[in-house]
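Chemist: Structure in structure tokens, see below.
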Number of protein chains: 2
Amino acid sequence: MEIYQERMVKAQELLAELDFDLMVLFPSSNMLYLSGFYDEPGERMLLLLLPREAEPIFLVPKLYEEQIKQESPFQDIRIWSDSDDPINLLRRTVADLAVKEARVLVDDGMWVKFFLMLREALPKAKFSLVSRVMVPLRMQKTPHEIRCLEEAGAIADEAFEEIIRSKIAGMTELALARALEEAMKKRGAEKIAFEILVASGPNSALPHYRAGQRRIEPEDVVILDYGCRIQEYCSDITRTIVCKEPSKEIQAVYEIVERAQKKAVQAIRPGVKAEEVDQAARQEITKAGYGERFIHRTGHGIGLDIHEEPYIVEANHLELRQGMAFSVEPGIYLPGQFGIRIEDIVVVTQRGAQRMNRCTHTLQIVE
Amino acid sequence: MEIYQERMVKAQELLAELDFDLMVLFPSSNMLYLSGFYDEPGERMLLLLLPREAEPIFLVPKLYEEQIKQESPFQDIRIWSDSDDPINLLRRTVADLAVKEARVLVDDGMWVKFFLMLREALPKAKFSLVSRVMVPLRMQKTPHEIRCLEEAGAIADEAFEEIIRSKIAGMTELALARALEEAMKKRGAEKIAFEILVASGPNSALPHYRAGQRRIEPEDVVILDYGCRIQEYCSDITRTIVCKEPSKEIQAVYEIVERAQKKAVQAIRPGVKAEEVDQAARQEITKAGYGERFIHRTGHGIGLDIHEEPYIVEANHLELRQGMAFSVEPGIYLPGQFGIRIEDIVVVTQRGAQRMNRCTHTLQIVE
């Protein structure tokens, strides 16, 4: 529980430094990071108020009372029940805090529904996003956090190694997604990190296609994009496989993506800008004539959220620092035909990058 | 695809009736309901703008372009890429729509991050929540929607029947959660509807406890609360079981909850108020001396969302109508000891209620 007290103190210091008066968190990775408590966001108001100089206050639906007392170290827990209107509790609480004209940071992912309540309770306040404070706190991972990322990555790697020893042609995408999930859970993964993507044949050309009822055919390219959580820290890996000897075009596009991924990882070290890593991958793909088909950024940060800062994207001048963790995942997508993507998570080290995924980049033929 | 055109027309009619100019949807069940497209909300701006009298406009990150063209019938799709700032596209679009001082409805679950962008693009607009339009559209289910709820319910029922034929003492809560998931998926469930709750022993007294590493012991009370999705429509069932002959107290509390659940279901018919159904369950539990231990509302609506209107709660004067679907799930929670909850989904019929869950309410002893 001490860790939460320490993080809270740091958050309050940053709040003071940036001259804000209050942070208001909603069920999110930010709430988990600062309090140890998390549940999926829901329609009941559940907020954590962190004033610059006073103790944090939880505003909690009655049915969470016992659970929050057990999971979080904070003492000031104020309860509302299903028969109350929660705005009354919110109004009383902000009155106690005397923050009428405050500068307030709100959780980036807070539902508008709750933000409008907050604005009603604090009509003279000025609101900005809490990422101003939380991103600097969370972006460089501690050794413990890196160990969690590494463990989550290793489980994803092992699941891949299991799957490529099986037979996949004839399976539906959903069945293969289930097999990946099962392979991770039996190795100790608590949860999957996000809905698993298995995109076969032409579906592989849609970067955010999930898994469906389509059956995998022998000539398909198949993209697997998945991960799990260890102590809520995510893994996220993508591998592209084929069911039989690939055509020359598939082979050629695969090799371009593989080279681009490698170049991007080689570009990483402290002091390099995020955009330069993106550029390293993009140049390689552009040079090969597929620049227009690399339709997304090169990567995203990872931690308690599957996507968080730093984003490895054009025009992001942020300088990389030791401990930052992110994906490197260039891809080429040919609509109606196929797509290729290769993704590893890396952590910035003193001199370069350490991969959290170690399984092979060589194109696997899985029958 | 026609269904989405029809729903869109109805939404526009309601928009006009309530004198709003524009609806702005975020990836949510509302977006799915009106457009056929859904993905998990993410950090990239993805909005559906529905003006009162013009065609809907999708604002879409480039990597979703192909997918949205395939999944949604709407033609006006405007793309931004990872190297653009999406607020520019948003500004241009609202300028095209000429809605500067508009009355705008925003998705209740939209992230503040995007709402602040919207407010920046439309500083003179007035914002309210889109549930004003979407709740009336979605609350009474069509026969097709009811068939989906029924199918999802039947799968949850069968999973329960499978589990009670197995041996659970000695399993961890997480392993039992996985077994429930597997039992639903092998019967055709596409997804689980929410993170499965398996709460054993004292954990059963925490209504929103998920599943953890605790091993189920022979004298435990175990609450199972889970569901799946069929065509994105949810099921949600709770059963409480024991591993050996229950103590007199457990038996007595179970019978109170069972009676309360039955009374509430018997109270349902068109014209009855939501609060009256809550009252029917609450009276039964209060009469038995456990009123203080029934720490949540009696139920929640269900459909594309696991929790939606109507809420079966004190002070909700809404009159029930045919086709409304919701849970009836009274519970009694004794902190540090055990909890009991029984939940079925019901749909309001012409004269009463039809259960979407049909498996037994008799206390099951599962060794």
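Letters A, B, ... mark the chains of the structure tokens in the order given; residue numbers begin at 1 per chain; ligand numbers begin at 1, in order shown.
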If the cut-off is 7 Å, can you tell me the residues of chain B near chain A, counting only C-alpha atoms? I'd like them as a ChimeraX atom specification.

Modeler: /B:62-64,66-67,82-83,108-113,115,129,206-208,295-297,313-315

Chemist: The selected residues should be written to file as a PDB file, in the first residue's frame (atoms: C-alpha atoms).

Modeler:
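Saved file out37.pdb follows:
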ATOM      1  CA  LYS B  62      -7.113   6.387 -41.587  1.00  0.00           C
ATOM      2  CA  LEU B  63      -6.486   2.879 -40.357  1.00  0.00           C
ATOM      3  CA  TYR B  64     -10.261   2.329 -39.937  1.00  0.00           C
ATOM      4  CA  GLU B  66     -11.624   0.312 -45.205  1.00  0.00           C
ATOM      5  CA  GLN B  67     -13.369  -1.325 -42.265  1.00  0.00           C
ATOM      6  CA  ASP B  82      -1.772   9.655 -37.569  1.00  0.00           C
ATOM      7  CA  SER B  83       0.394  12.551 -38.743  1.00  0.00           C
ATOM      8  CA  ASP B 108     -22.811   9.973 -22.539  1.00  0.00           C
ATOM      9  CA  GLY B 109     -19.645   7.873 -22.480  1.00  0.00           C
ATOM     10  CA  MET B 110     -17.535  10.133 -24.707  1.00  0.00           C
ATOM     11  CA  TRP B 111     -14.092  10.691 -23.218  1.00  0.00           C
ATOM     12  CA  VAL B 112     -13.562  14.181 -21.815  1.00  0.00           C
ATOM     13  CA  LYS B 113     -10.507  14.382 -24.032  1.00  0.00           C
ATOM     14  CA  PHE B 115     -15.438  16.512 -25.533  1.00  0.00           C
ATOM     15  CA  LEU B 129     -26.304  14.048 -23.291  1.00  0.00           C
ATOM     16  CA  LEU B 206     -18.498  -7.782  -2.054  1.00  0.00           C
ATOM     17  CA  PRO B 207     -21.098  -7.260  -4.808  1.00  0.00           C
ATOM     18  CA  HIS B 208     -18.576  -6.119  -7.426  1.00  0.00           C
ATOM     19  CA  ILE B 295     -26.971  -2.444  -0.673  1.00  0.00           C
ATOM     20  CA  HIS B 296     -27.816  -1.935  -4.349  1.00  0.00           C
ATOM     21  CA  ARG B 297     -30.745  -1.357  -6.684  1.00  0.00           C
ATOM     22  CA  VAL B 313     -34.305   1.617  -8.479  1.00  0.00           C
ATOM     23  CA  GLU B 314     -35.994   3.729  -5.825  1.00  0.00           C
ATOM     24  CA  ALA B 315     -37.394   7.011  -7.155  1.00  0.00           C
TER      25      ALA B 315
END

Chemist: As a short mmCIF file (atom, residue, chain, number, x, y, z; two decimals) with C-alpha atoms, in the first residue's frame, please: chain A after a least-squares superposition onto chain B using all C-alpha atoms matched in order.

Modeler:
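Here's the written file result_18.cif:
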data_model
loop_
_atom_site.label_atom_id
_atom_site.label_comp_id
_atom_site.auth_asym_id
_atom_site.auth_seq_id
_atom_site.Cartn_x
_atom_site.Cartn_y
_atom_site.Cartn_z
CA MET A 1 -27.73 -2.26 -43.77
CA GLU A 2 -31.29 -0.93 -44.19
CA ILE A 3 -31.90 -1.21 -40.48
CA TYR A 4 -29.28 1.48 -39.85
CA GLN A 5 -30.88 3.86 -42.32
CA GLU A 6 -34.24 3.36 -40.60
CA ARG A 7 -32.83 3.91 -37.14
CA MET A 8 -31.01 7.00 -38.32
CA VAL A 9 -34.24 8.49 -39.67
CA LYS A 10 -35.95 7.86 -36.34
CA ALA A 11 -33.07 9.46 -34.46
CA GLN A 12 -33.29 12.52 -36.70
CA GLU A 13 -37.04 12.77 -36.10
CA LEU A 14 -36.50 12.71 -32.34
CA LEU A 15 -33.70 15.24 -32.68
CA ALA A 16 -36.09 17.59 -34.44
CA GLU A 17 -38.88 16.92 -31.95
CA LEU A 18 -36.62 17.82 -29.02
CA ASP A 19 -35.17 20.77 -30.94
CA PHE A 20 -31.54 19.72 -31.07
CA ASP A 21 -29.33 20.35 -34.11
CA LEU A 22 -26.65 17.72 -33.96
CA MET A 23 -25.71 14.43 -32.30
CA VAL A 24 -22.05 13.49 -31.84
CA LEU A 25 -21.35 9.83 -31.14
CA PHE A 26 -18.17 8.20 -29.92
CA PRO A 27 -17.39 4.43 -30.24
CA SER A 28 -20.20 3.05 -28.11
CA SER A 29 -23.34 0.98 -28.22
CA ASN A 30 -25.07 4.09 -29.60
CA MET A 31 -22.66 4.22 -32.54
CA LEU A 32 -23.15 0.50 -33.12
CA TYR A 33 -26.94 0.84 -32.93
CA LEU A 34 -27.08 3.63 -35.48
CA SER A 35 -24.24 2.73 -37.84
CA GLY A 36 -23.37 -0.96 -37.51
CA PHE A 37 -19.79 -0.04 -36.65
CA TYR A 38 -18.16 -0.57 -33.29
CA ASP A 39 -14.70 -0.82 -31.88
CA GLU A 40 -13.41 -0.28 -28.37
CA PRO A 41 -12.92 3.42 -27.60
CA GLY A 42 -9.33 4.44 -28.14
CA GLU A 43 -7.05 7.44 -28.08
CA ARG A 44 -7.68 8.22 -31.75
CA MET A 45 -10.63 10.53 -32.53
CA LEU A 46 -13.44 8.52 -34.14
CA LEU A 47 -16.77 10.34 -34.22
CA LEU A 48 -20.11 10.03 -35.95
CA LEU A 49 -21.87 13.37 -36.49
CA LEU A 50 -25.58 13.19 -37.13
CA PRO A 51 -27.08 16.56 -38.07
CA ARG A 52 -30.81 17.07 -37.82
CA GLU A 53 -31.38 17.38 -41.53
CA ALA A 54 -28.28 16.29 -43.41
CA GLU A 55 -26.47 13.01 -44.01
CA PRO A 56 -24.40 11.54 -41.15
CA ILE A 57 -20.64 12.13 -41.28
CA PHE A 58 -18.00 9.75 -39.95
CA LEU A 59 -14.68 11.26 -38.81
CA VAL A 60 -12.32 8.36 -38.90
CA PRO A 61 -8.64 7.57 -38.31
CA LYS A 62 -7.10 6.38 -41.57
CA LEU A 63 -6.47 2.87 -40.34
CA TYR A 64 -10.25 2.32 -39.93
CA GLU A 65 -11.13 3.63 -43.40
CA GLU A 66 -11.60 0.31 -45.21
CA GLN A 67 -13.35 -1.33 -42.26
CA ILE A 68 -15.93 1.42 -41.83
CA LYS A 69 -16.67 1.44 -45.56
CA GLN A 70 -17.44 -2.27 -45.28
CA GLU A 71 -19.42 -2.26 -42.05
CA SER A 72 -21.50 0.90 -42.20
CA PRO A 73 -23.90 2.18 -44.88
CA PHE A 74 -22.93 5.85 -44.56
CA GLN A 75 -21.15 7.47 -47.48
CA ASP A 76 -19.62 10.61 -46.01
CA ILE A 77 -16.45 9.29 -44.39
CA ARG A 78 -13.74 11.85 -43.67
CA ILE A 79 -10.28 10.60 -42.87
CA TRP A 80 -7.45 11.91 -40.74
CA SER A 81 -4.10 10.17 -40.48
CA ASP A 82 -1.76 9.64 -37.54
CA SER A 83 0.40 12.54 -38.70
CA ASP A 84 -2.53 15.04 -38.64
CA ASP A 85 -4.03 16.85 -35.67
CA PRO A 86 -7.64 15.59 -35.72
CA ILE A 87 -9.05 18.85 -34.36
CA ASN A 88 -8.46 20.40 -37.78
CA LEU A 89 -10.79 17.89 -39.42
CA LEU A 90 -13.34 18.41 -36.66
CA ARG A 91 -13.20 22.21 -37.13
CA ARG A 92 -13.62 21.97 -40.91
CA THR A 93 -16.53 19.56 -40.53
CA VAL A 94 -18.53 21.65 -38.06
CA ALA A 95 -17.87 24.69 -40.26
CA ASP A 96 -19.40 22.79 -43.23
CA LEU A 97 -22.40 21.93 -41.08
CA ALA A 98 -22.91 25.54 -39.98
CA VAL A 99 -23.78 24.58 -36.41
CA LYS A 100 -21.87 27.32 -34.58
CA GLU A 101 -24.49 28.06 -31.96
CA ALA A 102 -26.13 24.68 -32.12
CA ARG A 103 -27.77 22.61 -29.44
CA VAL A 104 -25.62 19.48 -29.49
CA LEU A 105 -26.13 16.05 -27.95
CA VAL A 106 -22.95 14.15 -27.10
CA ASP A 107 -22.51 10.47 -26.33
CA ASP A 108 -22.82 9.97 -22.56
CA GLY A 109 -19.65 7.87 -22.49
CA MET A 110 -17.55 10.13 -24.72
CA TRP A 111 -14.10 10.69 -23.23
CA VAL A 112 -13.56 14.17 -21.82
CA LYS A 113 -10.50 14.37 -24.03
CA PHE A 114 -12.73 14.42 -27.12
CA PHE A 115 -15.44 16.51 -25.53
CA LEU A 116 -12.91 19.27 -24.83
CA MET A 117 -11.90 19.14 -28.51
CA LEU A 118 -15.54 19.40 -29.52
CA ARG A 119 -16.04 22.35 -27.20
CA GLU A 120 -12.98 24.00 -28.71
CA ALA A 121 -14.38 23.50 -32.21
CA LEU A 122 -17.85 24.73 -31.14
CA PRO A 123 -17.28 27.26 -28.34
CA LYS A 124 -20.79 28.72 -28.64
CA ALA A 125 -22.69 25.46 -28.75
CA LYS A 126 -24.78 24.08 -25.90
CA PHE A 127 -24.16 20.49 -24.93
CA SER A 128 -26.40 17.83 -23.40
CA LEU A 129 -26.31 14.05 -23.30
CA VAL A 130 -27.38 11.94 -26.26
CA SER A 131 -29.27 9.54 -24.02
CA ARG A 132 -32.14 12.04 -24.36
CA VAL A 133 -32.62 10.64 -27.86
CA MET A 134 -31.04 7.21 -27.67
CA VAL A 135 -32.79 5.88 -24.56
CA PRO A 136 -36.31 6.30 -26.00
CA LEU A 137 -35.11 4.69 -29.24
CA ARG A 138 -33.44 1.70 -27.62
CA MET A 139 -35.36 0.93 -24.43
CA GLN A 140 -38.18 -1.19 -25.88
CA LYS A 141 -36.67 -4.14 -27.68
CA THR A 142 -37.89 -5.47 -31.04
CA PRO A 143 -38.69 -9.17 -31.50
CA HIS A 144 -35.30 -9.65 -33.16
CA GLU A 145 -33.51 -8.03 -30.23
CA ILE A 146 -35.47 -10.18 -27.78
CA ARG A 147 -34.45 -13.29 -29.68
CA CYS A 148 -30.80 -12.29 -29.29
CA LEU A 149 -31.27 -11.69 -25.55
CA GLU A 150 -32.99 -15.05 -25.27
CA GLU A 151 -30.25 -16.90 -27.11
CA ALA A 152 -27.56 -15.22 -25.00
CA GLY A 153 -29.54 -16.13 -21.87
CA ALA A 154 -29.92 -19.75 -22.90
CA ILE A 155 -26.17 -20.09 -23.38
CA ALA A 156 -25.56 -18.68 -19.89
CA ASP A 157 -28.12 -21.14 -18.50
CA GLU A 158 -26.44 -24.09 -20.18
CA ALA A 159 -23.05 -23.00 -18.87
CA PHE A 160 -24.49 -23.02 -15.35
CA GLU A 161 -25.91 -26.49 -15.84
CA GLU A 162 -22.52 -27.71 -17.02
CA ILE A 163 -20.66 -26.16 -14.09
CA ILE A 164 -22.92 -27.63 -11.41
CA ARG A 165 -22.21 -31.10 -12.74
CA SER A 166 -18.47 -30.58 -12.13
CA LYS A 167 -16.42 -30.40 -8.93
CA ILE A 168 -15.53 -26.88 -7.85
CA ALA A 169 -14.05 -27.11 -4.33
CA GLY A 170 -10.29 -26.64 -4.67
CA MET A 171 -10.50 -24.63 -7.88
CA THR A 172 -9.38 -21.01 -7.88
CA GLU A 173 -12.02 -18.40 -8.61
CA LEU A 174 -10.17 -17.51 -11.82
CA ALA A 175 -10.14 -21.13 -13.00
CA LEU A 176 -13.89 -21.37 -12.43
CA ALA A 177 -14.38 -18.08 -14.32
CA ARG A 178 -12.40 -19.57 -17.21
CA ALA A 179 -14.51 -22.72 -17.14
CA LEU A 180 -17.69 -20.61 -17.39
CA GLU A 181 -16.22 -18.65 -20.29
CA GLU A 182 -15.21 -21.80 -22.11
CA ALA A 183 -18.64 -23.35 -21.52
CA MET A 184 -20.30 -20.32 -23.13
CA LYS A 185 -17.88 -20.02 -26.03
CA LYS A 186 -18.16 -23.65 -27.03
CA ARG A 187 -21.93 -23.11 -27.27
CA GLY A 188 -21.49 -20.30 -29.78
CA ALA A 189 -21.05 -17.21 -27.61
CA GLU A 190 -18.93 -14.71 -29.49
CA LYS A 191 -17.71 -12.86 -26.41
CA ILE A 192 -18.25 -12.66 -22.71
CA ALA A 193 -20.49 -9.69 -21.85
CA PHE A 194 -18.30 -8.45 -18.98
CA GLU A 195 -15.45 -9.68 -16.82
CA ILE A 196 -16.84 -12.75 -15.06
CA LEU A 197 -17.45 -12.53 -11.30
CA VAL A 198 -16.64 -15.58 -9.21
CA ALA A 199 -16.73 -14.52 -5.56
CA SER A 200 -16.12 -17.23 -3.00
CA GLY A 201 -16.32 -17.28 0.80
CA PRO A 202 -16.05 -13.76 2.25
CA ASN A 203 -15.52 -12.34 -1.25
CA SER A 204 -19.17 -13.15 -1.97
CA ALA A 205 -20.08 -10.31 0.40
CA LEU A 206 -18.49 -7.79 -2.05
CA PRO A 207 -21.10 -7.26 -4.80
CA HIS A 208 -18.57 -6.12 -7.43
CA TYR A 209 -15.63 -8.33 -6.55
CA ARG A 210 -14.23 -9.99 -9.72
CA ALA A 211 -12.43 -13.35 -9.68
CA GLY A 212 -9.04 -13.80 -8.03
CA GLN A 213 -6.49 -16.39 -7.01
CA ARG A 214 -8.50 -17.55 -3.97
CA ARG A 215 -9.17 -21.30 -3.85
CA ILE A 216 -12.77 -22.34 -3.24
CA GLU A 217 -13.14 -24.16 0.08
CA PRO A 218 -15.76 -26.75 0.99
CA GLU A 219 -17.70 -24.47 3.35
CA ASP A 220 -17.81 -21.54 0.88
CA VAL A 221 -20.77 -19.75 -0.56
CA VAL A 222 -19.90 -18.93 -4.19
CA ILE A 223 -21.55 -16.25 -6.34
CA LEU A 224 -21.31 -16.69 -10.11
CA ASP A 225 -22.27 -13.61 -12.13
CA TYR A 226 -21.58 -13.74 -15.85
CA GLY A 227 -23.00 -13.50 -19.34
CA CYS A 228 -22.17 -13.53 -23.02
CA ARG A 229 -23.00 -11.65 -26.20
CA ILE A 230 -24.98 -12.78 -29.22
CA GLN A 231 -24.92 -10.25 -32.05
CA GLU A 232 -23.64 -7.88 -29.34
CA TYR A 233 -26.76 -8.37 -27.17
CA CYS A 234 -25.89 -9.34 -23.61
CA SER A 235 -26.94 -11.95 -21.15
CA ASP A 236 -26.33 -11.52 -17.41
CA ILE A 237 -27.15 -14.18 -14.86
CA THR A 238 -26.26 -14.65 -11.20
CA ARG A 239 -26.53 -17.85 -9.24
CA THR A 240 -25.26 -18.51 -5.74
CA ILE A 241 -24.09 -22.03 -4.95
CA VAL A 242 -22.52 -23.92 -2.05
CA CYS A 243 -20.07 -26.81 -1.91
CA LYS A 244 -21.71 -28.76 0.88
CA GLU A 245 -24.96 -28.84 2.87
CA PRO A 246 -25.45 -25.15 3.82
CA SER A 247 -25.68 -23.83 7.39
CA LYS A 248 -29.10 -22.78 8.61
CA GLU A 249 -28.16 -19.11 8.24
CA ILE A 250 -27.04 -19.52 4.64
CA GLN A 251 -30.19 -21.50 3.86
CA ALA A 252 -32.39 -18.88 5.51
CA VAL A 253 -30.77 -15.91 3.76
CA TYR A 254 -30.91 -17.75 0.46
CA GLU A 255 -34.63 -18.30 0.81
CA ILE A 256 -35.24 -14.62 1.54
CA VAL A 257 -33.37 -13.57 -1.59
CA GLU A 258 -35.17 -16.19 -3.65
CA ARG A 259 -38.54 -14.95 -2.41
CA ALA A 260 -37.58 -11.32 -3.03
CA GLN A 261 -36.52 -12.13 -6.58
CA LYS A 262 -39.80 -13.92 -7.23
CA LYS A 263 -41.91 -11.12 -5.76
CA ALA A 264 -40.14 -8.54 -7.92
CA VAL A 265 -40.72 -10.57 -11.10
CA GLN A 266 -44.37 -11.04 -10.17
CA ALA A 267 -44.76 -7.27 -9.82
CA ILE A 268 -43.77 -6.65 -13.44
CA ARG A 269 -46.29 -5.68 -16.10
CA PRO A 270 -46.84 -2.70 -18.42
CA GLY A 271 -47.83 0.43 -16.51
CA VAL A 272 -46.08 -0.55 -13.28
CA LYS A 273 -43.32 1.87 -12.27
CA ALA A 274 -39.67 0.77 -12.15
CA GLU A 275 -39.49 1.80 -8.48
CA GLU A 276 -42.41 -0.50 -7.65
CA VAL A 277 -40.45 -3.52 -8.85
CA ASP A 278 -37.53 -2.42 -6.68
CA GLN A 279 -39.93 -1.95 -3.79
CA ALA A 280 -41.38 -5.43 -4.19
CA ALA A 281 -37.96 -7.03 -3.70
CA ARG A 282 -36.85 -4.58 -1.02
CA GLN A 283 -39.96 -5.02 1.12
CA GLU A 284 -39.46 -8.76 1.25
CA ILE A 285 -35.83 -8.37 2.37
CA THR A 286 -36.62 -5.57 4.82
CA LYS A 287 -39.45 -7.57 6.35
CA ALA A 288 -36.96 -10.37 7.02
CA GLY A 289 -34.63 -7.93 8.80
CA TYR A 290 -31.91 -7.61 6.14
CA GLY A 291 -32.94 -4.27 4.55
CA GLU A 292 -29.60 -2.67 5.44
CA ARG A 293 -27.75 -5.53 3.76
CA PHE A 294 -29.42 -5.14 0.37
CA ILE A 295 -26.98 -2.45 -0.70
CA HIS A 296 -27.82 -1.94 -4.35
CA ARG A 297 -30.76 -1.38 -6.67
CA THR A 298 -32.86 -4.34 -7.80
CA GLY A 299 -31.86 -4.23 -11.45
CA HIS A 300 -30.63 -2.56 -14.62
CA GLY A 301 -31.75 -2.54 -18.22
CA ILE A 302 -29.82 -4.66 -20.70
CA GLY A 303 -29.35 -4.79 -24.45
CA LEU A 304 -26.26 -3.75 -26.41
CA ASP A 305 -24.98 -2.45 -23.08
CA ILE A 306 -24.71 -4.62 -20.04
CA HIS A 307 -26.17 -1.74 -17.99
CA GLU A 308 -28.62 0.63 -19.65
CA GLU A 309 -32.06 2.10 -19.01
CA PRO A 310 -34.43 1.29 -17.39
CA TYR A 311 -32.88 1.13 -13.91
CA ILE A 312 -35.00 -0.71 -11.36
CA VAL A 313 -34.31 1.61 -8.48
CA GLU A 314 -36.01 3.72 -5.83
CA ALA A 315 -37.41 7.01 -7.16
CA ASN A 316 -37.47 5.88 -10.78
CA HIS A 317 -41.04 6.73 -11.73
CA LEU A 318 -40.67 5.41 -15.28
CA GLU A 319 -43.60 3.24 -16.29
CA LEU A 320 -42.64 -0.14 -17.68
CA ARG A 321 -43.69 -0.96 -21.22
CA GLN A 322 -43.80 -4.06 -23.32
CA GLY A 323 -40.36 -4.97 -24.72
CA MET A 324 -38.31 -3.41 -21.94
CA ALA A 325 -35.54 -5.78 -20.83
CA PHE A 326 -33.82 -5.67 -17.45
CA SER A 327 -32.28 -7.68 -14.65
CA VAL A 328 -33.99 -8.57 -11.38
CA GLU A 329 -31.20 -9.26 -8.90
CA PRO A 330 -31.76 -8.67 -5.23
CA GLY A 331 -28.93 -9.63 -2.88
CA ILE A 332 -27.98 -9.74 0.79
CA TYR A 333 -24.36 -9.15 1.81
CA LEU A 334 -22.91 -9.90 5.26
CA PRO A 335 -19.38 -8.39 5.33
CA GLY A 336 -16.67 -10.86 6.29
CA GLN A 337 -19.11 -13.76 6.04
CA PHE A 338 -20.98 -14.35 2.79
CA GLY A 339 -23.35 -12.88 0.23
CA ILE A 340 -26.30 -14.23 -1.74
CA ARG A 341 -27.63 -12.89 -5.06
CA ILE A 342 -30.02 -14.35 -7.63
CA GLU A 343 -30.39 -12.65 -11.00
CA ASP A 344 -32.45 -13.27 -14.10
CA ILE A 345 -33.05 -11.09 -17.13
CA VAL A 346 -36.71 -10.51 -17.94
CA VAL A 347 -38.58 -8.85 -20.79
CA VAL A 348 -41.88 -7.08 -20.14
CA THR A 349 -44.73 -8.77 -22.02
CA GLN A 350 -48.31 -7.68 -22.57
CA ARG A 351 -49.36 -9.00 -19.17
CA GLY A 352 -46.26 -9.74 -17.16
CA ALA A 353 -42.63 -10.72 -17.59
CA GLN A 354 -40.86 -13.34 -19.64
CA ARG A 355 -37.64 -14.76 -18.18
CA MET A 356 -34.58 -14.93 -20.45
CA ASN A 357 -32.93 -17.25 -17.91
CA ARG A 358 -34.63 -20.46 -17.08
CA CYS A 359 -32.25 -22.47 -14.96
CA THR A 360 -33.25 -23.38 -11.44
CA HIS A 361 -33.39 -21.08 -8.44
CA THR A 362 -33.09 -23.98 -6.00
CA LEU A 363 -29.84 -23.75 -4.04
CA GLN A 364 -27.37 -26.09 -5.74
CA ILE A 365 -24.81 -28.06 -3.76
CA VAL A 366 -21.77 -28.53 -6.00
CA GLU A 367 -18.92 -30.45 -4.44
#

Chemist: Identify all residues of range 16-179 of chain A in strand (DSSP E or B) (DSSP on the backbone) and supply them as a PyMOL selection string.

Modeler: chain A and resi 22-25+47-51+57-61+76-80+103-106+111+126-129+140+172
